[in-house]
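Below: model-v4.cif (mmCIF, C-alpha atoms and all ligand atoms)
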```
data_data
loop_
_atom_site.label_atom_id
_atom_site.label_comp_id
_atom_site.auth_asym_id
_atom_site.auth_seq_id
_atom_site.Cartn_x
_atom_site.Cartn_y
_atom_site.Cartn_z
CA MET A 909 -53.78 28.71 2.87
CA THR A 910 -50.35 27.94 4.25
CA SER A 911 -48.55 30.19 1.80
CA GLY A 912 -50.78 33.16 2.45
CA ALA A 913 -53.54 34.96 0.66
CA PRO A 914 -51.78 36.55 -2.34
CA GLU A 915 -50.55 33.14 -3.59
CA THR A 916 -54.02 31.64 -3.12
CA VAL A 917 -55.59 34.40 -5.14
CA ALA A 918 -52.96 34.11 -7.87
CA ARG A 919 -53.24 30.33 -8.24
CA SER A 920 -57.03 30.48 -8.22
CA ALA A 921 -56.97 33.19 -10.89
CA PHE A 922 -54.70 31.03 -13.06
CA LEU A 923 -56.89 27.93 -12.65
CA ALA A 924 -60.07 29.91 -13.38
CA GLU A 925 -58.47 31.48 -16.46
CA ALA A 926 -57.37 28.02 -17.64
CA ASP A 927 -61.06 27.03 -17.62
CA ARG A 928 -61.42 29.07 -20.83
CA LEU A 929 -59.46 26.42 -22.77
CA LYS A 930 -62.69 24.37 -22.68
CA GLY A 931 -64.17 26.96 -25.03
CA ILE A 932 -61.44 26.75 -27.71
CA ASP A 933 -62.58 24.51 -30.54
CA ARG A 934 -60.16 22.55 -32.72
CA ALA A 935 -60.37 21.45 -36.35
CA THR A 936 -60.70 17.79 -35.35
CA THR A 937 -63.92 16.24 -34.10
CA LEU A 938 -64.78 13.56 -31.59
CA CYS A 939 -64.41 10.03 -32.97
CA ASP A 940 -68.16 9.90 -33.57
CA ALA A 941 -68.00 13.20 -35.52
CA SER A 942 -70.82 14.60 -33.36
CA ARG A 943 -68.95 17.87 -32.70
CA HIS A 944 -65.51 19.47 -32.80
CA GLU A 945 -63.29 18.70 -29.85
CA ASN A 946 -62.03 21.52 -27.65
CA SER A 947 -58.43 22.04 -26.61
CA ALA A 948 -59.01 21.13 -22.94
CA GLU A 949 -60.45 17.69 -23.63
CA HIS A 950 -57.83 17.22 -26.39
CA SER A 951 -55.11 17.93 -23.79
CA TRP A 952 -56.66 15.34 -21.45
CA HIS A 953 -56.74 12.79 -24.26
CA LEU A 954 -53.07 13.42 -25.08
CA ALA A 955 -52.02 12.96 -21.45
CA LEU A 956 -53.91 9.65 -21.50
CA TYR A 957 -52.06 8.73 -24.71
CA ALA A 958 -48.81 9.39 -22.85
CA LEU A 959 -49.94 7.17 -20.00
CA VAL A 960 -50.93 4.28 -22.31
CA LEU A 961 -48.15 4.58 -24.90
CA GLY A 962 -45.41 5.74 -22.56
CA GLU A 963 -43.53 2.50 -22.59
CA HIS A 964 -42.86 3.13 -26.29
CA ALA A 965 -41.14 6.42 -25.56
CA PRO A 966 -37.46 6.58 -26.54
CA GLU A 967 -34.89 5.77 -23.80
CA GLY A 968 -34.53 8.47 -21.20
CA VAL A 969 -37.87 10.19 -21.76
CA SER A 970 -39.54 11.29 -18.50
CA LEU A 971 -43.23 10.46 -18.81
CA SER A 972 -44.07 12.72 -15.90
CA ARG A 973 -42.51 15.72 -17.70
CA VAL A 974 -44.24 14.71 -20.95
CA MET A 975 -47.62 14.61 -19.19
CA ARG A 976 -47.00 18.06 -17.67
CA MET A 977 -46.05 19.47 -21.07
CA LEU A 978 -49.18 18.03 -22.65
CA LEU A 979 -51.43 19.41 -19.92
CA LEU A 980 -49.99 22.90 -20.55
CA HIS A 981 -49.18 22.87 -24.24
CA ASP A 982 -52.37 24.45 -25.59
CA LEU A 983 -53.10 27.02 -22.85
CA VAL A 984 -51.76 29.79 -25.13
CA GLU A 985 -54.79 29.18 -27.37
CA ILE A 986 -56.93 30.97 -24.76
CA ASP A 987 -55.50 34.21 -26.17
CA ALA A 988 -54.03 33.15 -29.52
CA GLY A 989 -56.67 30.66 -30.73
CA ASP A 990 -56.03 27.29 -32.38
CA VAL A 991 -54.37 27.39 -35.78
CA PRO A 992 -55.29 24.15 -37.57
CA ILE A 993 -52.10 22.42 -38.70
CA TYR A 994 -53.16 22.34 -42.37
CA ALA A 995 -53.98 26.06 -42.28
CA GLN A 996 -50.49 27.07 -41.12
CA THR A 997 -48.43 29.11 -43.59
CA ALA A 998 -44.79 30.21 -43.57
CA GLU A 999 -45.92 33.87 -43.52
CA GLY A 1000 -48.38 33.31 -40.65
CA GLN A 1001 -45.81 31.42 -38.59
CA ALA A 1002 -43.92 34.37 -37.08
CA GLU A 1003 -47.15 36.12 -36.19
CA THR A 1004 -48.56 32.99 -34.52
CA GLU A 1005 -45.34 32.47 -32.56
CA ALA A 1006 -45.38 36.06 -31.30
CA ALA A 1007 -49.05 35.82 -30.28
CA GLU A 1008 -48.43 32.53 -28.47
CA LEU A 1009 -45.40 33.85 -26.61
CA ALA A 1010 -47.39 36.90 -25.47
CA ALA A 1011 -50.19 34.56 -24.35
CA ALA A 1012 -47.81 32.28 -22.44
CA THR A 1013 -46.20 35.28 -20.75
CA ARG A 1014 -49.57 36.64 -19.67
CA LEU A 1015 -51.06 33.31 -18.55
CA PHE A 1016 -48.12 31.88 -16.63
CA GLY A 1017 -47.56 35.40 -15.30
CA LEU A 1018 -50.85 35.04 -13.40
CA LEU A 1019 -49.11 32.55 -11.08
CA PRO A 1020 -47.04 33.66 -8.09
CA GLU A 1021 -43.50 34.82 -8.78
CA GLY A 1022 -41.30 31.72 -9.06
CA GLU A 1023 -44.15 29.34 -9.99
CA GLY A 1024 -45.02 30.67 -13.43
CA ALA A 1025 -41.45 30.78 -14.76
CA PRO A 1026 -40.82 26.99 -14.67
CA LEU A 1027 -44.14 26.36 -16.43
CA LEU A 1028 -43.32 28.97 -19.09
CA ALA A 1029 -39.96 27.25 -19.56
CA LEU A 1030 -41.68 23.86 -19.90
CA TRP A 1031 -44.02 25.28 -22.56
CA GLN A 1032 -41.05 26.80 -24.42
CA GLU A 1033 -39.23 23.46 -24.28
CA PHE A 1034 -42.30 21.80 -25.81
CA GLU A 1035 -42.51 24.42 -28.58
CA ALA A 1036 -38.80 24.20 -29.42
CA ALA A 1037 -39.09 20.39 -29.74
CA ARG A 1038 -35.38 19.82 -29.27
CA THR A 1039 -35.32 17.64 -26.13
CA PRO A 1040 -36.42 13.98 -26.19
CA ASP A 1041 -39.28 14.78 -23.77
CA ALA A 1042 -40.58 17.58 -26.00
CA GLN A 1043 -40.18 15.51 -29.15
CA PHE A 1044 -42.18 12.65 -27.66
CA ALA A 1045 -44.88 15.07 -26.44
CA LYS A 1046 -45.02 16.63 -29.94
CA ALA A 1047 -45.24 13.18 -31.51
CA LEU A 1048 -48.30 12.38 -29.38
CA ASP A 1049 -49.83 15.77 -30.25
CA ARG A 1050 -49.41 14.84 -33.93
CA PHE A 1051 -50.52 11.22 -33.53
CA GLN A 1052 -53.94 11.76 -31.91
CA PRO A 1053 -55.58 13.96 -34.62
CA PRO A 1054 -55.07 11.45 -37.48
CA LEU A 1055 -56.67 8.76 -35.31
CA GLN A 1056 -59.63 11.10 -34.65
CA ASN A 1057 -59.78 11.80 -38.39
CA LEU A 1058 -59.68 8.13 -39.36
CA ALA A 1059 -62.47 7.39 -36.86
CA SER A 1060 -64.68 10.33 -37.78
CA GLY A 1061 -64.49 10.25 -41.57
CA GLY A 1062 -61.68 12.77 -41.93
CA VAL A 1063 -63.61 15.93 -41.02
CA SER A 1064 -60.57 18.19 -40.54
CA TRP A 1065 -58.65 16.62 -43.48
CA ARG A 1066 -61.58 17.36 -45.79
CA ALA A 1067 -62.02 20.87 -44.40
CA HIS A 1068 -58.43 21.66 -45.42
CA ASN A 1069 -58.21 19.52 -48.59
CA ALA A 1070 -55.39 17.52 -47.03
CA THR A 1071 -53.42 15.14 -49.22
CA PHE A 1072 -51.33 12.22 -47.96
CA GLU A 1073 -48.20 14.25 -48.75
CA MET A 1074 -49.43 17.12 -46.55
CA VAL A 1075 -50.20 14.75 -43.67
CA GLU A 1076 -46.86 13.01 -44.10
CA ALA A 1077 -44.93 16.31 -44.00
CA ARG A 1078 -46.80 17.93 -41.10
CA VAL A 1079 -47.57 15.05 -38.79
CA GLY A 1080 -45.68 12.05 -40.21
CA ALA A 1081 -42.25 13.60 -39.69
CA PRO A 1082 -42.63 14.44 -35.97
CA ILE A 1083 -44.35 11.11 -35.26
CA ALA A 1084 -41.66 9.15 -37.10
CA ARG A 1085 -38.91 10.96 -35.15
CA SER A 1086 -40.04 9.68 -31.73
CA MET A 1087 -42.46 6.84 -32.52
CA PRO A 1088 -41.41 5.38 -35.89
CA ALA A 1089 -43.36 2.15 -35.43
CA PHE A 1090 -46.57 4.12 -34.86
CA TRP A 1091 -46.12 6.09 -38.07
CA ASP A 1092 -45.48 2.84 -39.95
CA HIS A 1093 -48.73 1.58 -38.46
CA ILE A 1094 -50.99 4.49 -39.41
CA ALA A 1095 -49.38 5.75 -42.62
CA PRO A 1096 -50.96 3.01 -44.82
CA GLN A 1097 -54.39 3.67 -43.28
CA ILE A 1098 -54.05 7.40 -43.99
CA ARG A 1099 -52.84 6.71 -47.54
CA ASP A 1100 -55.83 4.45 -48.16
CA PHE A 1101 -58.22 6.99 -46.70
CA LEU A 1102 -56.89 10.01 -48.58
CA GLY A 1103 -55.65 8.23 -51.70
CA MET B 821 -45.40 -1.25 -33.98
CA THR B 822 -42.52 -2.72 -32.03
CA SER B 823 -44.75 -4.84 -29.83
CA GLY B 824 -46.76 -6.24 -32.72
CA ALA B 825 -50.19 -5.77 -34.17
CA PRO B 826 -52.51 -7.16 -31.46
CA GLU B 827 -51.17 -4.68 -28.87
CA THR B 828 -51.49 -1.80 -31.33
CA VAL B 829 -55.09 -2.66 -32.01
CA ALA B 830 -55.87 -3.04 -28.30
CA ARG B 831 -54.29 0.28 -27.27
CA SER B 832 -55.95 2.11 -30.14
CA ALA B 833 -59.31 0.61 -29.19
CA PHE B 834 -58.87 1.77 -25.60
CA LEU B 835 -57.86 5.31 -26.63
CA ALA B 836 -60.77 5.56 -29.09
CA GLU B 837 -63.20 4.29 -26.44
CA ALA B 838 -61.82 6.84 -23.96
CA ASP B 839 -62.84 9.55 -26.44
CA ARG B 840 -66.44 8.97 -25.31
CA LEU B 841 -65.69 10.61 -21.94
CA LYS B 842 -65.90 13.93 -23.85
CA GLY B 843 -69.62 13.24 -24.21
CA ILE B 844 -70.36 12.70 -20.50
CA ASP B 845 -71.78 15.89 -18.99
CA ARG B 846 -71.38 16.81 -15.34
CA ALA B 847 -73.58 18.81 -12.96
CA THR B 848 -71.05 21.66 -12.81
CA THR B 849 -70.68 24.25 -15.55
CA LEU B 850 -67.78 26.18 -17.00
CA CYS B 851 -66.81 29.23 -14.92
CA ASP B 852 -68.76 31.45 -17.33
CA ALA B 853 -71.86 29.23 -16.89
CA SER B 854 -72.17 28.96 -20.69
CA ARG B 855 -72.61 25.17 -20.59
CA HIS B 856 -72.05 22.11 -18.41
CA GLU B 857 -68.53 20.78 -18.36
CA ASN B 858 -67.83 17.26 -19.54
CA SER B 859 -65.81 14.68 -17.64
CA ALA B 860 -62.86 14.71 -20.07
CA GLU B 861 -62.19 18.43 -19.78
CA HIS B 862 -62.89 18.20 -16.02
CA SER B 863 -60.18 15.50 -15.79
CA TRP B 864 -57.75 17.77 -17.66
CA HIS B 865 -58.55 20.64 -15.31
CA LEU B 866 -57.92 18.44 -12.25
CA ALA B 867 -54.55 17.28 -13.57
CA LEU B 868 -53.66 20.95 -14.05
CA TYR B 869 -54.79 21.62 -10.46
CA ALA B 870 -52.38 18.87 -9.36
CA LEU B 871 -49.59 20.49 -11.32
CA VAL B 872 -50.21 23.97 -9.88
CA LEU B 873 -51.12 22.99 -6.30
CA GLY B 874 -48.82 19.99 -6.03
CA GLU B 875 -46.39 21.66 -3.71
CA HIS B 876 -49.19 21.78 -1.14
CA ALA B 877 -49.61 18.02 -1.20
CA PRO B 878 -48.87 16.23 2.07
CA GLU B 879 -45.33 14.80 2.54
CA GLY B 880 -44.64 11.74 0.46
CA VAL B 881 -47.37 12.22 -2.13
CA SER B 882 -46.23 11.32 -5.65
CA LEU B 883 -47.58 14.00 -7.98
CA SER B 884 -46.96 11.83 -10.99
CA ARG B 885 -49.20 9.06 -9.55
CA VAL B 886 -51.81 11.67 -8.57
CA MET B 887 -51.89 13.03 -12.13
CA ARG B 888 -52.29 9.50 -13.52
CA MET B 889 -55.14 8.79 -11.14
CA LEU B 890 -56.89 12.02 -12.08
CA LEU B 891 -56.53 11.33 -15.82
CA LEU B 892 -58.21 7.92 -15.32
CA HIS B 893 -60.58 8.52 -12.46
CA ASP B 894 -63.76 9.28 -14.43
CA LEU B 895 -63.37 6.82 -17.34
CA VAL B 896 -65.93 4.51 -15.71
CA GLU B 897 -68.57 7.16 -16.43
CA ILE B 898 -68.45 6.13 -20.09
CA ASP B 899 -70.58 3.15 -19.05
CA ALA B 900 -71.91 4.15 -15.63
CA GLY B 901 -72.62 7.87 -16.19
CA ASP B 902 -71.87 10.72 -13.79
CA VAL B 903 -73.72 10.70 -10.48
CA PRO B 904 -73.75 14.29 -9.17
CA ILE B 905 -72.33 14.32 -5.65
CA TYR B 906 -75.47 15.93 -4.16
CA ALA B 907 -77.69 13.33 -5.87
CA GLN B 908 -75.90 10.36 -4.24
CA THR B 909 -77.91 8.31 -1.77
CA ALA B 910 -76.97 5.50 0.59
CA GLU B 911 -79.29 3.10 -1.28
CA GLY B 912 -77.90 4.08 -4.69
CA GLN B 913 -74.31 3.73 -3.53
CA ALA B 914 -73.91 -0.06 -3.84
CA GLU B 915 -75.52 -0.04 -7.27
CA THR B 916 -73.25 2.77 -8.47
CA GLU B 917 -70.17 0.99 -7.14
CA ALA B 918 -71.11 -2.24 -8.91
CA ALA B 919 -71.77 -0.42 -12.20
CA GLU B 920 -68.46 1.43 -11.93
CA LEU B 921 -66.48 -1.70 -11.19
CA ALA B 922 -68.04 -3.43 -14.19
CA ALA B 923 -67.19 -0.39 -16.31
CA ALA B 924 -63.58 -0.30 -15.10
CA THR B 925 -63.20 -4.03 -15.76
CA ARG B 926 -64.53 -3.67 -19.30
CA LEU B 927 -62.59 -0.49 -20.17
CA PHE B 928 -59.17 -1.39 -18.77
CA GLY B 929 -59.77 -4.88 -20.14
CA LEU B 930 -59.56 -3.41 -23.64
CA LEU B 931 -55.82 -2.92 -23.09
CA PRO B 932 -53.29 -5.69 -23.70
CA GLU B 933 -52.90 -8.30 -20.97
CA GLY B 934 -50.61 -6.87 -18.33
CA GLU B 935 -51.24 -3.20 -19.21
CA GLY B 936 -54.85 -2.88 -18.11
CA ALA B 937 -54.39 -4.47 -14.67
CA PRO B 938 -52.10 -1.76 -13.23
CA LEU B 939 -54.47 0.96 -14.44
CA LEU B 940 -57.47 -0.85 -12.93
CA ALA B 941 -55.49 -1.09 -9.67
CA LEU B 942 -54.72 2.65 -9.81
CA TRP B 943 -58.43 3.44 -10.29
CA GLN B 944 -59.33 1.15 -7.37
CA GLU B 945 -56.73 2.87 -5.20
CA PHE B 946 -58.32 6.24 -6.08
CA GLU B 947 -61.80 4.96 -5.25
CA ALA B 948 -60.74 3.44 -1.92
CA ALA B 949 -59.13 6.77 -0.91
CA ARG B 950 -56.90 5.16 1.70
CA THR B 951 -53.41 6.04 0.42
CA PRO B 952 -52.02 9.61 0.65
CA ASP B 953 -51.85 9.78 -3.18
CA ALA B 954 -55.52 8.80 -3.54
CA GLN B 955 -56.61 11.12 -0.75
CA PHE B 956 -54.85 14.08 -2.37
CA ALA B 957 -56.35 13.19 -5.78
CA LYS B 958 -59.82 12.96 -4.17
CA ALA B 959 -59.29 16.30 -2.43
CA LEU B 960 -58.57 17.97 -5.78
CA ASP B 961 -61.62 16.25 -7.32
CA ARG B 962 -63.72 17.77 -4.51
CA PHE B 963 -62.00 21.18 -4.58
CA GLN B 964 -62.53 22.10 -8.24
CA PRO B 965 -66.37 21.90 -8.41
CA PRO B 966 -66.98 24.44 -5.60
CA LEU B 967 -64.64 26.86 -7.38
CA GLN B 968 -66.61 26.32 -10.62
CA ASN B 969 -69.82 26.85 -8.64
CA LEU B 970 -68.59 30.04 -6.97
CA ALA B 971 -67.51 31.41 -10.38
CA SER B 972 -70.66 30.43 -12.26
CA GLY B 973 -73.35 31.43 -9.77
CA GLY B 974 -73.77 28.01 -8.17
CA VAL B 975 -75.53 26.20 -11.01
CA SER B 976 -75.08 22.67 -9.66
CA TRP B 977 -75.66 23.73 -6.03
CA ARG B 978 -78.98 25.30 -6.98
CA ALA B 979 -79.95 22.30 -9.11
CA HIS B 980 -79.59 20.06 -6.04
CA ASN B 981 -80.75 22.55 -3.36
CA ALA B 982 -77.37 22.26 -1.67
CA THR B 983 -76.92 23.77 1.79
CA PHE B 984 -73.59 24.70 3.38
CA GLU B 985 -73.91 21.63 5.62
CA MET B 986 -74.30 19.35 2.57
CA VAL B 987 -71.24 20.90 0.89
CA GLU B 988 -69.24 20.67 4.11
CA ALA B 989 -70.06 16.98 4.58
CA ARG B 990 -69.57 15.86 0.98
CA VAL B 991 -66.66 17.96 -0.23
CA GLY B 992 -65.37 19.77 2.85
CA ALA B 993 -64.31 16.60 4.66
CA PRO B 994 -62.16 15.11 1.87
CA ILE B 995 -60.63 18.52 1.08
CA ALA B 996 -59.83 19.19 4.73
CA ARG B 997 -58.17 15.78 5.09
CA SER B 998 -55.43 16.47 2.50
CA MET B 999 -55.57 20.24 1.96
CA PRO B 1000 -56.87 21.79 5.21
CA ALA B 1001 -55.67 25.30 4.36
CA PHE B 1002 -57.63 25.22 1.11
CA TRP B 1003 -60.85 24.25 2.86
CA ASP B 1004 -60.28 27.07 5.37
CA HIS B 1005 -59.88 29.37 2.39
CA ILE B 1006 -63.06 28.46 0.50
CA ALA B 1007 -65.43 27.48 3.33
CA PRO B 1008 -66.30 31.11 4.25
CA GLN B 1009 -66.95 31.95 0.58
CA ILE B 1010 -69.28 28.95 0.25
CA ARG B 1011 -71.04 29.82 3.49
CA ASP B 1012 -71.57 33.40 2.28
CA PHE B 1013 -72.83 32.17 -1.08
CA LEU B 1014 -75.25 29.56 0.24
CA GLY B 1015 -76.09 31.17 3.54
CA CA C 1201 -52.25 22.05 -30.58
#
```

Step by step, read the file and then write its structure as structure tokens.
Amino acid sequence: MTSGAPETVARSAFLAEADRLKGIDRATTLCDASRHENSAEHSWHLALYALVLGEHAPEGVSLSRVMRMLLLHDLVEIDAGDVPIYAQTAEGQAETEAAELAAATRLFGLLPEGEGAPLLALWQEFEAARTPDAQFAKALDRFQPPLQNLASGGVSWRAHNATFEMVEARVGAPIARSMPAFWDHIAPQIRDFLG
Amino acid sequence: MTSGAPETVARSAFLAEADRLKGIDRATTLCDASRHENSAEHSWHLALYALVLGEHAPEGVSLSRVMRMLLLHDLVEIDAGDVPIYAQTAEGQAETEAAELAAATRLFGLLPEGEGAPLLALWQEFEAARTPDAQFAKALDRFQPPLQNLASGGVSWRAHNATFEMVEARVGAPIARSMPAFWDHIAPQIRDFLG
């Protein structure tokens, strides 16, 4: 490798460790409800959402940065696990955040000095959800699961006794912030389904 | 939705149909050999490879286009299935190509007029492997499976009685074209493993 052996070993170790995201199951299922989806294939699906819905992103959003964020956003679950959105509590929040930060530090720390830090920063930008790029990436991350739920008979909604008000608060708000027309489009379907 | 109902329905149909890629199994397994990987999570992994190894791309390669190609490149398998690289034959090749083109036409045709055509063109560019972007995307698509094989005990190599010469011809050549240092790095490991 042009950059020498230690960098090769470090990047290979990171990419092999990332493979474990394929073993992290989420609350949502495939559209056909045949099984739960894992966080790796979910991340692929979200990046495809970005590609197909990108023209609806707010002015100034960089789709390339959004795709990178989405590819990385769930890697922390390799150590911290997936916390289903309807299972999150105010008390659990600080603990989850600490576990995810430790995971991000370890995982991106596998990369060579100077390569992990920008990816850690990109993940932190996603989590903070204050920039337009991060807000659009978050909106997509909130928009895909309801579509999987509507297609599959609401497996993860039923597992957590979700009401329309819960869905509206936890996913409606971030979707409406960056993609208001999309929330207007799915909200009535979710209300019908859960109502 | 800002662009009106027919476009919403078309994009949602495409994204729901894409979900089926999570059900297409490949010859390679996860690194821990616990199960075969599917083409959706494989596509995610490749896009992450692009993100981490992108700085090693040849001059002038657009990483953003490479990531888009990799996200899309296997969608045709929803209709045409995955043909393991060591199972490909000269006679089967024309049939596979025809089935994949029909699949791409159907799948990207689900998108609104004017949105599917550029994605079909991007997939065709990947398949033709003549541009630097497509060649780098192909190199990554050929580089990840040997790493999965080396980690997992060579499940797909053993299933197809692969020799070093077969691996060199089918994956070594496209890797060496865009990422020569990476082929130099893994070739001895593959030779040791298969030799
Ligand atoms: Ca998540």

Cut-off 12 Å, all atoms listed in the file, neighbours of ligand CA 1201 (chain C) as a ChimeraX atom specification: /A:929,932-936,945-951,954,977-986,988-994,996,1008,1031,1034-1035,1045-1053,1079

Check: which chain B residues lie within 9 Å of chain A using all atoms listed in the file, as a PyMOL selection string: chain B and resi 821-823+825+828+831-832+834-843+850-852+857-865+867-869+871-873+876+883-885+887-888+891-892+931+935+967-968+971+999-1005

Minimum-distance residue to Ser976 (chain B), chosen among B:Ala907, B:Asp953, B:Pro1008, B:Glu879 (using all atoms listed in the file): B:Ala907

Pairwise distance for CA of Val1075 (chain A) and CA of Thr1004 (chain A), rounded to one decimal in Å: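 So the answer is 20.5 Å.
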
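Note that CA of Pro1040 (chain A) and CA of Gly934 (chain B) are 26.4 Å apart.
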
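Relative to CA of Met1074 (chain A), CA of Glu827 (chain B) is found at 28.1 Å.
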
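Distance annotation: of A:Asp987, A:Leu1030, A:Gly1080, A:Thr937, the residue with the minimal separation from Gly1062 (chain A) is A:Thr937; atom set is only C-alpha atoms.
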
Could you list, as a PDB file with C-alpha atoms, keeping the file's coordinate frame, every residue within 8 Å of Ile1098 (chain A), counting all atoms listed in the file and ignoring same-chain residues fewer than 4 positions away?
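Contents of the output file out.pdb:
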```pdb
ATOM      1  CA  PRO A1054     -55.070  11.450 -37.480  1.00  0.00           C
ATOM      2  CA  LEU A1058     -59.680   8.130 -39.360  1.00  0.00           C
ATOM      3  CA  PHE A1072     -51.330  12.220 -47.960  1.00  0.00           C
ATOM      4  CA  ILE A1094     -50.990   4.490 -39.410  1.00  0.00           C
ATOM      5  CA  LEU A1102     -56.890  10.010 -48.580  1.00  0.00           C
ATOM      6  CA  GLY A1103     -55.650   8.230 -51.700  1.00  0.00           C
TER       7      GLY A1103
END
```

Generate the coordinates of all heavy atoms for region 912-918 of chain A; report them as a tab-separated table (two decimals), in the coordinates of the input.
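Final file, selection.tsv:
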```tsv
chain	number	residue	atom	x	y	z
A	912	GLY	N	-50.26	31.80	2.34
A	912	GLY	CA	-50.78	33.16	2.45
A	912	GLY	C	-51.69	33.56	1.32
A	912	GLY	O	-51.67	32.99	0.24
A	913	ALA	N	-52.46	34.59	1.56
A	913	ALA	CA	-53.54	34.96	0.66
A	913	ALA	C	-53.12	35.35	-0.76
A	913	ALA	O	-53.77	34.93	-1.70
A	913	ALA	CB	-54.35	36.07	1.30
A	914	PRO	N	-52.07	36.13	-0.96
A	914	PRO	CA	-51.78	36.55	-2.34
A	914	PRO	C	-51.52	35.36	-3.27
A	914	PRO	O	-51.97	35.34	-4.41
A	914	PRO	CB	-50.53	37.43	-2.21
A	914	PRO	CG	-50.48	37.82	-0.77
A	914	PRO	CD	-51.11	36.70	0.00
A	915	GLU	N	-50.82	34.34	-2.77
A	915	GLU	CA	-50.55	33.14	-3.59
A	915	GLU	C	-51.85	32.40	-3.89
A	915	GLU	O	-52.04	31.89	-4.98
A	915	GLU	CB	-49.58	32.20	-2.88
A	915	GLU	CG	-48.13	32.61	-2.94
A	915	GLU	CD	-47.79	33.71	-1.95
A	915	GLU	OE1	-48.64	34.01	-1.07
A	915	GLU	OE2	-46.69	34.28	-2.06
A	916	THR	N	-52.74	32.31	-2.89
A	916	THR	CA	-54.02	31.64	-3.12
A	916	THR	C	-54.78	32.31	-4.25
A	916	THR	O	-55.31	31.66	-5.14
A	916	THR	CB	-54.94	31.78	-1.88
A	916	THR	OG1	-54.20	31.46	-0.73
A	916	THR	CG2	-56.14	30.87	-2.01
A	917	VAL	N	-54.85	33.64	-4.15
A	917	VAL	CA	-55.59	34.40	-5.14
A	917	VAL	C	-54.97	34.21	-6.53
A	917	VAL	O	-55.67	34.02	-7.52
A	917	VAL	CB	-55.63	35.90	-4.73
A	917	VAL	CG1	-56.25	36.76	-5.82
A	917	VAL	CG2	-56.41	36.06	-3.42
A	918	ALA	N	-53.66	34.24	-6.59
A	918	ALA	CA	-52.96	34.11	-7.87
A	918	ALA	C	-53.18	32.73	-8.50
A	918	ALA	O	-53.51	32.60	-9.68
A	918	ALA	CB	-51.46	34.37	-7.68
```
